[in-house]
>>> print(open('my_file.txt').read())   # compact mmCIF, C-alpha atoms
# COMPACT_ATOMS: atom_id res chain seq x y z
CA MET A 1 -80.71 61.42 -11.06
CA SER A 2 -80.84 60.68 -7.37
CA LYS A 3 -77.57 61.15 -5.50
CA LEU A 4 -78.08 57.99 -3.45
CA PRO A 5 -77.44 55.45 -6.24
CA LEU A 6 -74.36 57.44 -7.28
CA LEU A 7 -73.01 57.37 -3.78
CA LEU A 8 -73.69 53.66 -3.53
CA PHE A 9 -71.87 53.09 -6.81
CA LEU A 10 -68.85 55.09 -5.67
CA ALA A 11 -68.81 53.29 -2.34
CA ALA A 12 -68.95 49.93 -4.10
CA ALA A 13 -66.14 50.98 -6.43
CA ILE A 14 -63.96 52.13 -3.51
CA LEU A 15 -64.59 48.90 -1.63
CA ALA A 16 -63.77 46.87 -4.73
CA ALA A 17 -60.53 48.82 -5.20
CA ASN A 18 -59.61 48.32 -1.56
CA ALA A 19 -60.38 44.60 -1.83
CA ILE A 20 -58.02 44.23 -4.81
CA SER A 21 -55.27 46.10 -3.00
CA LEU A 22 -55.70 43.97 0.11
CA GLU A 23 -55.51 40.77 -1.96
CA GLN A 24 -52.34 41.99 -3.67
CA ILE A 25 -50.79 42.96 -0.35
CA ASP A 26 -51.74 39.61 1.15
CA SER A 27 -50.25 37.78 -1.85
CA LYS A 28 -47.06 39.81 -1.63
CA LEU A 29 -46.77 39.10 2.08
CA ASN A 30 -47.22 35.39 1.43
CA SER A 31 -44.46 35.54 -1.21
CA ILE A 32 -42.17 37.32 1.24
CA VAL A 33 -42.89 34.72 3.92
CA ILE A 34 -42.10 31.91 1.46
CA GLU A 35 -38.89 33.61 0.35
CA LEU A 36 -37.84 34.16 3.95
CA ALA A 37 -38.51 30.51 4.74
CA ALA A 38 -36.45 29.45 1.70
CA LEU A 39 -33.66 31.82 2.72
CA LYS A 40 -33.70 30.45 6.24
CA LYS A 41 -33.51 26.91 4.84
CA ASP A 42 -30.60 27.89 2.59
CA GLN A 43 -28.81 29.47 5.53
CA SER A 44 -29.37 26.33 7.58
CA GLU A 45 -28.04 24.13 4.78
CA THR A 46 -25.08 26.48 4.25
CA LYS A 47 -24.32 26.35 7.96
CA ALA A 48 -24.44 22.56 7.86
CA GLU A 49 -22.16 22.50 4.81
CA ILE A 50 -19.71 24.84 6.54
CA GLY A 51 -19.74 22.53 9.55
CA GLU A 52 -19.09 19.50 7.34
CA THR A 53 -16.30 21.34 5.53
CA LYS A 54 -14.67 22.27 8.84
CA GLN A 55 -14.84 18.63 9.97
CA LEU A 56 -13.42 17.47 6.65
CA LEU A 57 -10.52 19.90 6.94
CA LYS A 58 -9.95 18.75 10.51
CA ASP A 59 -9.89 15.11 9.39
CA LEU A 60 -7.55 15.92 6.51
CA LYS A 61 -5.19 17.75 8.85
CA ARG A 62 -5.19 14.80 11.24
CA ASP A 63 -4.57 12.31 8.39
CA PHE A 64 -1.77 14.47 6.99
CA GLN A 65 -0.09 14.75 10.38
CA LEU A 66 -0.38 10.98 10.86
CA ALA A 67 0.97 10.24 7.37
CA PHE A 68 3.80 12.74 7.83
CA SER A 69 4.69 11.20 11.19
CA LYS A 70 4.74 7.70 9.65
CA GLU A 71 6.86 8.91 6.74
CA VAL A 72 9.37 10.50 9.09
CA SER A 73 9.49 7.35 11.23
CA LYS A 74 9.92 5.18 8.13
CA ARG A 75 12.77 7.31 6.82
CA LEU A 76 14.50 7.27 10.20
CA GLU A 77 14.15 3.48 10.36
CA CYS A 78 15.36 3.12 6.78
CA ASP A 79 18.36 5.35 7.51
CA ARG A 80 19.17 3.29 10.59
CA ILE A 81 19.04 0.01 8.65
CA SER A 82 20.83 1.45 5.63
CA SER A 83 23.94 2.12 7.67
CA ASN A 84 24.29 -1.65 8.19
CA LEU A 85 23.81 -2.62 4.54
CA THR A 86 26.35 -3.50 1.88
CA THR A 87 26.00 -1.92 -1.56
CA LEU A 88 27.02 -4.28 -4.36
CA SER A 89 27.99 -3.40 -7.92
CA ASN A 90 24.37 -3.77 -9.09
CA GLY A 91 23.57 -0.68 -7.02
CA LYS A 92 21.33 -2.59 -4.60
CA LYS A 93 21.83 -2.83 -0.85
CA TYR A 94 21.89 -6.06 1.14
CA TRP A 95 22.21 -7.15 4.73
CA ILE A 96 24.73 -9.97 4.96
CA PRO A 97 25.72 -11.45 8.33
CA ALA A 98 29.28 -11.08 9.46
CA GLN A 99 31.71 -13.79 8.42
CA ASN A 100 31.12 -17.11 10.18
CA ALA A 101 28.05 -15.63 11.85
CA SER A 102 25.34 -16.73 9.42
CA ILE A 103 21.84 -17.05 10.85
CA SER A 104 20.14 -20.33 9.94
CA ARG A 105 16.33 -20.21 9.99
CA THR A 106 13.27 -21.51 8.21
CA TRP A 107 12.07 -19.53 5.20
CA TYR A 108 9.18 -18.14 7.24
CA LYS A 109 11.46 -16.98 10.06
CA ALA A 110 13.98 -15.58 7.60
CA LYS A 111 11.25 -13.58 5.86
CA GLU A 112 9.96 -12.35 9.21
CA PHE A 113 13.45 -11.33 10.31
CA CYS A 114 14.00 -9.25 7.17
CA GLU A 115 10.59 -7.58 7.30
CA LYS A 116 10.91 -6.70 10.98
CA ASN A 117 14.06 -4.82 10.06
CA ALA A 118 12.50 -2.86 7.17
CA MET A 119 13.96 -5.22 4.55
CA ARG A 120 12.91 -8.30 2.58
CA LEU A 121 14.46 -11.52 1.36
CA ALA A 122 16.75 -11.03 -1.62
CA SER A 123 15.36 -11.51 -5.13
CA PRO A 124 18.21 -12.23 -7.58
CA LYS A 125 16.17 -12.58 -10.79
CA THR A 126 19.05 -12.60 -13.29
CA SER A 127 22.15 -14.76 -13.67
CA GLU A 128 24.37 -11.71 -13.16
CA GLU A 129 22.63 -10.71 -9.97
CA LEU A 130 22.57 -14.26 -8.62
CA GLU A 131 26.28 -14.65 -9.40
CA LEU A 132 27.12 -11.36 -7.69
CA LEU A 133 25.11 -12.17 -4.59
CA SER A 134 26.37 -15.76 -4.42
CA GLN A 135 29.99 -14.63 -4.58
CA LYS A 136 29.44 -12.19 -1.75
CA ALA A 137 27.59 -14.78 0.32
CA ALA A 138 30.29 -17.38 -0.29
CA SER A 139 32.78 -15.32 1.68
CA HIS A 140 30.39 -15.31 4.64
CA PHE A 141 28.48 -18.59 4.50
CA GLU A 142 31.19 -20.92 3.17
CA ASP A 143 29.14 -23.66 1.46
CA ALA A 144 25.81 -22.91 3.13
CA GLY A 145 22.79 -21.92 1.10
CA PHE A 146 20.72 -18.81 1.74
CA TRP A 147 17.01 -18.23 1.29
CA VAL A 148 15.69 -15.99 -1.49
CA SER A 149 12.20 -14.50 -1.69
CA ALA A 150 10.70 -16.97 -4.20
CA SER A 151 8.17 -19.55 -2.94
CA ASP A 152 4.70 -20.92 -3.59
CA VAL A 153 3.44 -19.69 -0.21
CA GLY A 154 0.01 -18.17 -0.79
CA GLN A 155 -0.09 -19.66 -4.31
CA LYS A 156 -1.12 -22.93 -5.91
CA PRO A 157 1.34 -25.78 -5.33
CA GLY A 158 4.37 -25.35 -7.54
CA ASP A 159 3.45 -21.79 -8.57
CA LEU A 160 6.70 -20.17 -7.47
CA ARG A 161 6.77 -16.39 -7.31
CA TRP A 162 9.27 -13.77 -6.24
CA HIS A 163 8.55 -11.00 -3.78
CA GLY A 164 6.28 -8.66 -5.71
CA GLY A 165 4.52 -11.41 -7.65
CA ASP A 166 6.85 -12.10 -10.60
CA VAL A 167 6.78 -15.76 -11.65
CA LEU A 168 9.89 -17.92 -11.26
CA PRO A 169 9.44 -20.39 -14.16
CA ARG A 170 10.22 -24.05 -13.54
CA LEU A 171 12.35 -24.00 -16.70
CA SER A 172 14.30 -20.89 -15.69
CA HIS A 173 18.04 -21.03 -16.41
CA LEU A 174 18.60 -19.96 -12.79
CA TRP A 175 17.79 -23.47 -11.52
CA PHE A 176 20.54 -26.01 -10.92
CA TYR A 177 20.66 -28.66 -13.62
CA GLY A 178 22.79 -31.81 -13.44
CA PRO A 179 22.97 -35.25 -14.98
CA TYR A 180 21.33 -36.88 -11.96
CA VAL A 181 19.44 -34.08 -10.21
CA SER A 182 17.56 -31.15 -11.67
CA GLU A 183 15.80 -28.43 -9.76
CA PRO A 184 13.09 -27.84 -8.76
CA ASP A 185 12.52 -31.36 -7.48
CA VAL A 186 10.38 -31.05 -4.33
CA ASN A 187 6.89 -32.55 -4.55
CA SER A 188 4.85 -29.43 -3.90
CA GLN A 189 1.69 -31.47 -3.31
CA PHE A 190 2.93 -32.42 0.16
CA SER A 191 4.70 -29.29 1.35
CA LYS A 192 5.02 -25.60 0.66
CA VAL A 193 8.09 -25.01 -1.48
CA CYS A 194 10.62 -22.23 -0.98
CA VAL A 195 13.75 -21.38 -2.92
CA TYR A 196 17.33 -20.97 -1.77
CA ALA A 197 20.62 -20.26 -3.51
CA LYS A 198 24.08 -21.72 -3.11
CA PRO A 199 27.48 -20.17 -3.73
CA SER A 200 27.40 -22.10 -7.01
CA ALA A 201 25.08 -19.29 -8.20
CA LYS A 202 22.16 -21.63 -8.84
CA LEU A 203 18.72 -21.95 -7.29
CA TYR A 204 17.36 -24.95 -5.43
CA ASP A 205 14.00 -25.70 -3.84
CA ASP A 206 13.25 -27.22 -0.45
CA PRO A 207 10.31 -27.39 1.98
CA CYS A 208 9.89 -23.99 3.63
CA GLY A 209 10.50 -25.56 7.03
CA ALA A 210 14.13 -26.34 6.16
CA SER A 211 16.86 -24.11 7.55
CA TYR A 212 19.25 -21.95 5.54
CA SER A 213 21.08 -18.70 6.09
CA VAL A 214 19.33 -15.34 6.10
CA LEU A 215 20.26 -12.69 3.56
CA CYS A 216 18.09 -9.58 3.29
CA GLN A 217 17.68 -6.92 0.62
CA GLN A 218 16.77 -3.28 1.09
CA ASP A 219 13.01 -2.91 0.76
CA ASP A 220 11.67 -0.85 -2.13
CA ALA A 221 9.87 1.39 0.39
CA CYS A 222 13.30 2.52 1.65
CA ILE A 223 14.47 3.64 -1.77
CA PHE A 224 13.84 7.40 -1.94
CA ASP A 225 14.41 9.64 -4.94
>>> encode(input="my_file.txt", output="structure tokens")
Amino acid sequence: MSKLPLLLFLAAAILAANAISLEQIDSKLNSIVIELAALKKDQSETKAEIGETKQLLKDLKRDFQLAFSKEVSKRLECDRISSNLTTLSNGKKYWIPAQNASISRTWYKAKEFCEKNAMRLASPKTSEELELLSQKAASHFEDAGFWVSASDVGQKPGDLRWHGGDVLPRLSHLWFYGPYVSEPDVNSQFSKVCVYAKPSAKLYDDPCGASYSVLCQQDDACIFD
């Protein structure tokens, strides 16, 4: 057998082997390039996530500091107001003007006055509480009435509600009832109706623009455990 065909065969075999190796190497390199690209993308996304996390923590820290500052301010304001309040036997605290110094205002102005001083209009929802508050007010207001929180402001005409949303029924035993006049008796179709109390420990209604004494109650936000 001639040596030339054998040499050609070996040469072809070597070239074929080299071709396979080169293809494998090229494929491996492509895989590495793809993996590196994916890793770079992951690193970029991780970096972005770290940046977002840092910003979130920064925002949370700012919000916490703001909330803490507001809480401290609220407590200081509540403490300041609390020193001027009277605690009655029901355990609740009220602001009652000094004797013969009652402040007569419309319901709106009375509500505004209480809220500006971290309080709210009183809400005597039981006979016992209304009696207790009326007795205390009687020694300060003589025969004058004082506003309570109930009204139909922000509600349908005649839908009377206390501060917080509890309904004050028209047939409640808290209303004054007499042989000639029974409360509530204001035509709510023509005017917003607000509720006031008298030393008689009964509730009456009147247009919110009328004037009665101001009596405030400690706001729930100032009651800390």
>>> atom_distance(input="my_file.txt", atom1="CA of Ala221 (chain A)", atom2="CA of Ser151 (chain A)")
21.3 Å
>>> atom_distance(input="my_file.txt", atom1="CA of Asp152 (chain A)", atom2="CA of Leu203 (chain A)")
14.5 Å
>>> atom_distance(input="my_file.txt", atom1="CA of Leu215 (chain A)", atom2="CA of Asp166 (chain A)")
19.5 Å
>>> residues_around(input="my_file.txt", residues="Leu171 (chain A)", least_positions_apart="4", cutoff="9 Å", atoms="all atoms listed in the file", output="list in words")
Trp175, Glu183 and Pro184 of chain A
>>> residues_near_point(input="my_file.txt", point="(21.1, -20.0, 4.2)", cutoff="7 Å", atoms="all atoms listed in the file", output="JSON, numbers by chain")
{"A": [104, 144, 145, 146, 147, 211, 212, 213, 214]}
>>> closest_residue(input="my_file.txt", among="A:Lys58, A:Cys194, A:Ser89, A:Ile96", to="Arg161 (chain A)", atoms="all atoms listed in the file")
A:Cys194
>>> closest_residue(input="my_file.txt", among="A:Asn84, A:Ser191, A:Ser172, A:Thr106", to="Lys125 (chain A)", atoms="all atoms listed in the file")
A:Ser172
>>> residues_around(input="my_file.txt", residues="region 109-119 of chain A", least_positions_apart="6", cutoff="6 Å", atoms="all atoms listed in the file", output="JSON, numbers by chain")
{"A": [214, 216, 217, 218, 219]}
>>> residues_around(input="my_file.txt", residues="Phe190 (chain A)", least_positions_apart="2", cutoff="12 Å", atoms="all atoms listed in the file", output="ChimeraX atom specification")
/A:156-158,186-188,192-193,206-208
>>> closest_residue(input="my_file.txt", among="A:Tyr94, A:Tyr180, A:Trp162, A:Tyr204", to="Ala137 (chain A)", atoms="all atoms listed in the file")
A:Tyr94
